[in-house]
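One structure is given below, encoded as structure tokens.
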Amino acid sequence: MKTPLDGTAERLGEGEVVRLSSRTNLFKLASCPNNPVVKPQELGLTRRDKTKVLPGSVFNPGAELLDGKVVLTPRCHKNYEKAKFFDSRLGKERVYLKNYVSEIWPLVSEDGIHFTRMGTKVIRGDGTEHKDFLYGIEDLRIIRHGERFLLVGCGKVKPPFRGENADRLAIYSTTDFVDIHYHGIVTFFDSRNGVPFPDFVDQDFYMLLRFHPNTHLERLQEGPEQLLNPGRHTDMWKEIYARRNDTILLASGDYPHEQEKTGPGPQVIETHAGWLLLYHAVGEISSQIASVYGLSQGIDRAYSICAALLDLEHPEKIIARTRLPIYIPSLPWELHGSEEHPVDVPAVVFPVGAFVHHGKLFLYCGAGDKYTVLLGCTLETLLDYLLHFQ
């Protein structure tokens, strides 16, 4: 019997390869026609701007399948303010959000498009559940590991945008997304976007990390135990930080759209061709790339989505890596916003959750730091592009 999720898989676009005038091939993920699939208004998330009540935000969700349904773990913001600051490192004015404490609200859907809350469950990082971090929990990845799910997010030990060294890897686990266990944080270093592999590769347990501005691949000496009891393994986490210059997997600056930084996206996906790693990059989008998306000009600073294939037995070996992004912000809720879909931070698509269903890649991303969108493609089409058609 065909399920609602089967129907979504059939309707989700296949992705396409576009030949550029430079004789380079570009792969473009398909955007679900129902995007944004989760909006803050649907969850009652609001903020106040002087006398107006405006939509809050629900974005950057981890994603996985549980009993044939899609579970998301988006970060939810309410009662915050928008502001601007001058980023002296970039020489640009940037938008940021202040006076908020992010929460995770698990959502569930039968078709992967229409989501509701899983009861009233909330994962908090505001001091009510523990004192390890007090300023919110963000960007919670979901990694299926045996009979349970590892949940790895970013716990804020300082208010967002108010100081360096504010991000800590925060680890949870669950089997049902109702009974969620907190395991602690990695206290020694500043990092976010931590993504462990779903299982051992031979005898090694790997984890992707982001030490600004690069993406790193590390071996955890104690395997999953090092995550589930992070406080017991401080010396090992210190060693990881000490050797970070030797573990760079994806260096920033190799391409214009990755000039500023790269970082791990959703959980890695095992395929016959290798481990599929989807990641985000920040940099400049050329007018040639932008034109494929119907834009009249390039974007001077944007978060985009990229992909790489890692060797199944030796994931530190990159088999293939995209030289061009496979998706850029181009629709109103991703780029500059509109009256119907205002954004909080422009030019952002941020991949956090992914899975494969009936041969289709489902990729859930934050958009404009305000919405959740679904992108997708036929998995084999993307693999063929990575291996043969760049």
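Chain labels A, B, ... are given in the sequence in which chains occur in the structure tokens; within each chain residues are numbered consecutively from 1, and ligands are likewise numbered from 1 in the order shown.
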- request: For segment 10-25 of chain A, list every protein, DNA or RNA residue within 10 Å, evaluated using only C-alpha atoms, and leave out those in the same chain fewer than 4 positions away; present the list as a PyMOL selection string.
  value: chain A and resi 5-6+29-33+288-289+291-292+323-324+326+357-362+374-382+385+389-390
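Considering the residues A:Leu26, A:Phe189, A:Leu217, A:Phe197 and counting only C-alpha atoms, Ala290 of chain A has its shortest atom-to-atom contact with A:Leu26.
Distances from A:Asp126, A:Glu258, A:Leu387, A:His336 to Ile319 of chain A were compared using only C-alpha atoms, and the smallest one belongs to A:Leu387.
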query: Taking only C-alpha atoms into account, which of A:Asp300, A:Asp176, A:Asp204, A:Glu260 comes nearest Phe149 of chain A?
result: A:Asp176
message: Based on the backbone DSSP call, show me all residues of segment 183-386 of chain A assigned strand (DSSP E or B), as number ranges by chain.
response: A: 183-185, 192-196, 201, 204, 206-211, 214-219, 248-250, 261-264, 269-271, 274-285, 299-310, 318-321, 327, 349-357, 360-367, 371-378
Can I get the selected residues back with C-alpha atoms, as a compact mmCIF listing (two decimals), in the first residue's frame?
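Everything below was put into part13.txt:
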```
# COMPACT_ATOMS: atom_id res chain seq x y z
CA HIS A 183 24.39 13.41 28.06
CA GLY A 184 26.33 16.66 28.46
CA ILE A 185 28.56 18.95 26.43
CA ARG A 192 29.17 23.59 16.24
CA ASN A 193 27.87 21.37 13.42
CA GLY A 194 29.12 18.13 14.96
CA VAL A 195 28.00 15.07 12.96
CA PRO A 196 29.02 11.55 14.04
CA VAL A 201 33.89 2.10 9.75
CA ASP A 204 36.98 3.38 13.72
CA TYR A 206 34.31 8.96 12.82
CA MET A 207 32.83 12.36 13.48
CA LEU A 208 32.66 15.52 11.38
CA LEU A 209 33.44 18.75 13.20
CA ARG A 210 33.66 22.40 12.25
CA PHE A 211 36.57 24.39 13.61
CA ASN A 214 37.01 24.43 7.92
CA THR A 215 35.30 21.05 8.11
CA HIS A 216 37.28 18.37 9.93
CA LEU A 217 37.06 14.57 10.13
CA GLU A 218 38.06 12.97 13.43
CA ARG A 219 38.27 9.49 14.92
CA ILE A 248 40.98 19.19 7.82
CA LEU A 249 38.68 17.44 5.35
CA LEU A 250 37.13 20.41 3.52
CA LYS A 261 33.80 28.89 5.56
CA THR A 262 32.47 25.37 5.18
CA GLY A 263 30.65 23.20 7.70
CA PRO A 264 29.03 19.75 7.98
CA ILE A 269 24.41 8.79 4.00
CA GLU A 270 25.96 5.46 3.04
CA THR A 271 25.63 4.71 -0.68
CA GLY A 274 30.67 6.18 -0.94
CA TRP A 275 29.53 8.21 2.04
CA LEU A 276 27.45 11.12 0.76
CA LEU A 277 28.39 14.27 2.66
CA LEU A 278 26.17 17.31 2.17
CA TYR A 279 27.62 20.48 3.62
CA HIS A 280 27.08 24.21 3.77
CA ALA A 281 29.43 26.87 2.50
CA VAL A 282 29.55 30.64 2.78
CA GLY A 283 30.95 32.87 0.09
CA GLU A 284 30.18 34.67 -3.15
CA ILE A 285 27.72 33.38 -5.75
CA ILE A 299 25.07 37.36 -4.43
CA ASP A 300 28.06 38.84 -2.60
CA ARG A 301 27.56 36.66 0.51
CA ALA A 302 25.36 33.60 0.71
CA TYR A 303 25.00 30.25 2.45
CA SER A 304 24.81 27.53 -0.18
CA ILE A 305 24.68 23.72 -0.27
CA CYS A 306 27.50 21.53 -1.58
CA ALA A 307 28.27 17.80 -1.70
CA ALA A 308 31.16 15.36 -1.49
CA LEU A 309 31.65 11.59 -1.67
CA LEU A 310 33.94 9.95 0.88
CA ILE A 318 37.51 12.34 -0.86
CA ILE A 319 36.34 10.52 -4.00
CA ALA A 320 34.52 13.52 -5.46
CA ARG A 321 33.55 17.03 -4.38
CA TYR A 327 21.66 24.79 -4.33
CA VAL A 349 19.87 27.92 2.93
CA PHE A 350 21.29 25.70 5.65
CA PRO A 351 21.11 21.87 5.36
CA VAL A 352 20.69 19.95 8.64
CA GLY A 353 18.53 16.83 8.09
CA ALA A 354 18.42 14.24 5.30
CA PHE A 355 17.37 10.70 4.47
CA VAL A 356 16.65 8.57 1.40
CA HIS A 357 13.17 7.16 0.72
CA LYS A 360 14.78 10.05 -3.43
CA LEU A 361 16.98 12.23 -1.29
CA PHE A 362 14.93 14.31 1.16
CA LEU A 363 16.93 17.30 2.43
CA TYR A 364 15.47 19.60 5.09
CA CYS A 365 17.06 23.02 5.44
CA GLY A 366 16.66 26.30 7.21
CA ALA A 367 15.78 29.23 4.92
CA TYR A 371 11.51 28.81 7.70
CA THR A 372 12.03 25.12 7.01
CA VAL A 373 12.20 24.01 3.38
CA LEU A 374 12.39 20.63 1.66
CA LEU A 375 14.79 20.07 -1.22
CA GLY A 376 15.39 16.83 -3.04
CA CYS A 377 16.57 14.78 -5.97
CA THR A 378 16.94 11.26 -7.21
```
Would you mind listing, for every residue of segment 76-187 of chain A within 12 Å of segment 235-242 of chain A, the two atoms forming the shortest contact and the distance between them in Å to one decimal, using only C-alpha atoms, sorted by chain and ascending residue number, as a Markdown table?
```
| residue | atom | partner | partner_atom | distance |
| --- | --- | --- | --- | --- |
| A:Arg168 | CA | A:Trp237 | CA | 12.0 |
| A:Leu169 | CA | A:Trp237 | CA | 11.1 |
| A:Ile185 | CA | A:Trp237 | CA | 10.9 |
| A:Val186 | CA | A:Trp237 | CA | 7.4 |
| A:Thr187 | CA | A:Trp237 | CA | 8.7 |
```
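Comparing the minimum interatomic distances between Tyr293 of chain A and each of A:Pro325, A:Pro55, A:Pro160, A:Gly136, counting only C-alpha atoms, we find that A:Pro325 sits nearest.
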- prompt: Just asking: which residues within segment 181-387 of chain A are helix (DSSP H, G or I) according to DSSP, as a ChimeraX atom specification?
  reply: /A:224-228,230-242,244-246,256-258,287-292,379-387
Dump of C-alpha atoms for the selected residues, as a PDB file, in the first residue's frame:
```pdb
ATOM      1  CA  PRO A 224      30.053   6.479  20.711  1.00  0.00           C
ATOM      2  CA  GLU A 225      30.950   6.279  24.409  1.00  0.00           C
ATOM      3  CA  GLN A 226      33.016   9.436  23.940  1.00  0.00           C
ATOM      4  CA  LEU A 227      29.814  11.223  22.931  1.00  0.00           C
ATOM      5  CA  LEU A 228      27.472   9.639  25.438  1.00  0.00           C
ATOM      6  CA  PRO A 230      31.690  13.558  27.047  1.00  0.00           C
ATOM      7  CA  GLY A 231      32.767  14.724  30.498  1.00  0.00           C
ATOM      8  CA  ARG A 232      34.702  11.504  31.138  1.00  0.00           C
ATOM      9  CA  HIS A 233      36.829  11.964  28.051  1.00  0.00           C
ATOM     10  CA  THR A 234      38.066  15.540  28.345  1.00  0.00           C
ATOM     11  CA  ASP A 235      41.670  14.556  27.566  1.00  0.00           C
ATOM     12  CA  MET A 236      40.575  12.947  24.293  1.00  0.00           C
ATOM     13  CA  TRP A 237      38.597  16.017  23.271  1.00  0.00           C
ATOM     14  CA  LYS A 238      41.669  18.116  24.083  1.00  0.00           C
ATOM     15  CA  GLU A 239      43.739  15.899  21.786  1.00  0.00           C
ATOM     16  CA  ILE A 240      41.222  16.382  18.996  1.00  0.00           C
ATOM     17  CA  TYR A 241      41.535  20.131  19.300  1.00  0.00           C
ATOM     18  CA  ALA A 242      45.328  19.996  19.501  1.00  0.00           C
ATOM     19  CA  ARG A 244      42.940  19.992  14.344  1.00  0.00           C
ATOM     20  CA  ASN A 245      45.430  21.287  11.764  1.00  0.00           C
ATOM     21  CA  ASP A 246      45.994  17.680  10.675  1.00  0.00           C
ATOM     22  CA  PRO A 256      34.487  31.476  -4.374  1.00  0.00           C
ATOM     23  CA  HIS A 257      31.218  30.196  -2.879  1.00  0.00           C
ATOM     24  CA  GLU A 258      33.267  28.545  -0.080  1.00  0.00           C
ATOM     25  CA  SER A 287      26.194  35.903 -11.703  1.00  0.00           C
ATOM     26  CA  GLN A 288      26.600  32.846 -13.941  1.00  0.00           C
ATOM     27  CA  ILE A 289      25.475  30.477 -11.170  1.00  0.00           C
ATOM     28  CA  ALA A 290      22.734  32.873 -10.057  1.00  0.00           C
ATOM     29  CA  SER A 291      21.302  33.037 -13.576  1.00  0.00           C
ATOM     30  CA  VAL A 292      20.519  29.295 -13.455  1.00  0.00           C
ATOM     31  CA  LEU A 379      19.942   9.947  -5.308  1.00  0.00           C
ATOM     32  CA  GLU A 380      21.461   8.210  -8.322  1.00  0.00           C
ATOM     33  CA  THR A 381      21.283  11.409 -10.358  1.00  0.00           C
ATOM     34  CA  LEU A 382      23.353  13.241  -7.761  1.00  0.00           C
ATOM     35  CA  LEU A 383      25.846  10.382  -7.457  1.00  0.00           C
ATOM     36  CA  ASP A 384      26.272  10.222 -11.250  1.00  0.00           C
ATOM     37  CA  TYR A 385      26.915  13.949 -11.322  1.00  0.00           C
ATOM     38  CA  LEU A 386      29.533  13.725  -8.573  1.00  0.00           C
ATOM     39  CA  LEU A 387      31.338  10.850 -10.253  1.00  0.00           C
TER      40      LEU A 387
END
```
message: Which residues are near Val157 of chain A? Cut-off 7 Å, only C-alpha atoms, ignore same chain within fewer than 4 positions. Put them as a PyMOL selection string.
response: chain A and resi 133-135+166-167
Would you export the selected residues with C-alpha atoms as a CSV table (one decimal), in the first residue's frame, please?
```csv
chain,number,residue,atom,x,y,z
A,133,PHE,CA,24.6,26.1,28.8
A,134,LEU,CA,22.0,28.7,29.4
A,135,TYR,CA,21.4,30.5,26.1
A,166,ALA,CA,30.1,30.6,22.8
A,167,ASP,CA,29.3,27.2,21.1
```
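Of the residues listed (A:Gly56, A:Pro36, A:Gly223, A:Pro213), A:Gly56 shows the shortest atom-to-atom separation from Tyr100 of chain A; distances use only C-alpha atoms.
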- request: May I ask which of the residues A:Cys154, A:Leu43, A:Leu335, A:Leu140 is the closest one to Ser173 of chain A, counting only C-alpha atoms?
  value: A:Leu140
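Note that atom CA of Lys28 of chain A and atom CA of Thr116 of chain A are 29.2 Å apart.
With only C-alpha atoms taken into account, the protein and nucleic acid residues at most 7 Å from Trp333 of chain A (excluding it and anything under 6 positions from it in its own chain) are A:His341, A:Pro342, A:Val343, A:Ala367, A:Gly368.
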Create the file for the chosen residues now, containing C-alpha atoms and written as a PDB file, in the first residue's frame.
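The resulting out08.pdb:
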```pdb
ATOM      1  CA  HIS A 341       7.480  35.604   3.340  1.00  0.00           C
ATOM      2  CA  PRO A 342       9.717  38.044   5.244  1.00  0.00           C
ATOM      3  CA  VAL A 343      13.123  36.674   6.240  1.00  0.00           C
ATOM      4  CA  ALA A 367      15.784  29.227   4.920  1.00  0.00           C
ATOM      5  CA  GLY A 368      16.325  32.899   5.723  1.00  0.00           C
TER       6      GLY A 368
END
```
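For the atom pair formed by atom CA of Thr51 of chain A and atom CA of Glu81 of chain A, the distance is 12.7 Å, given to one decimal.
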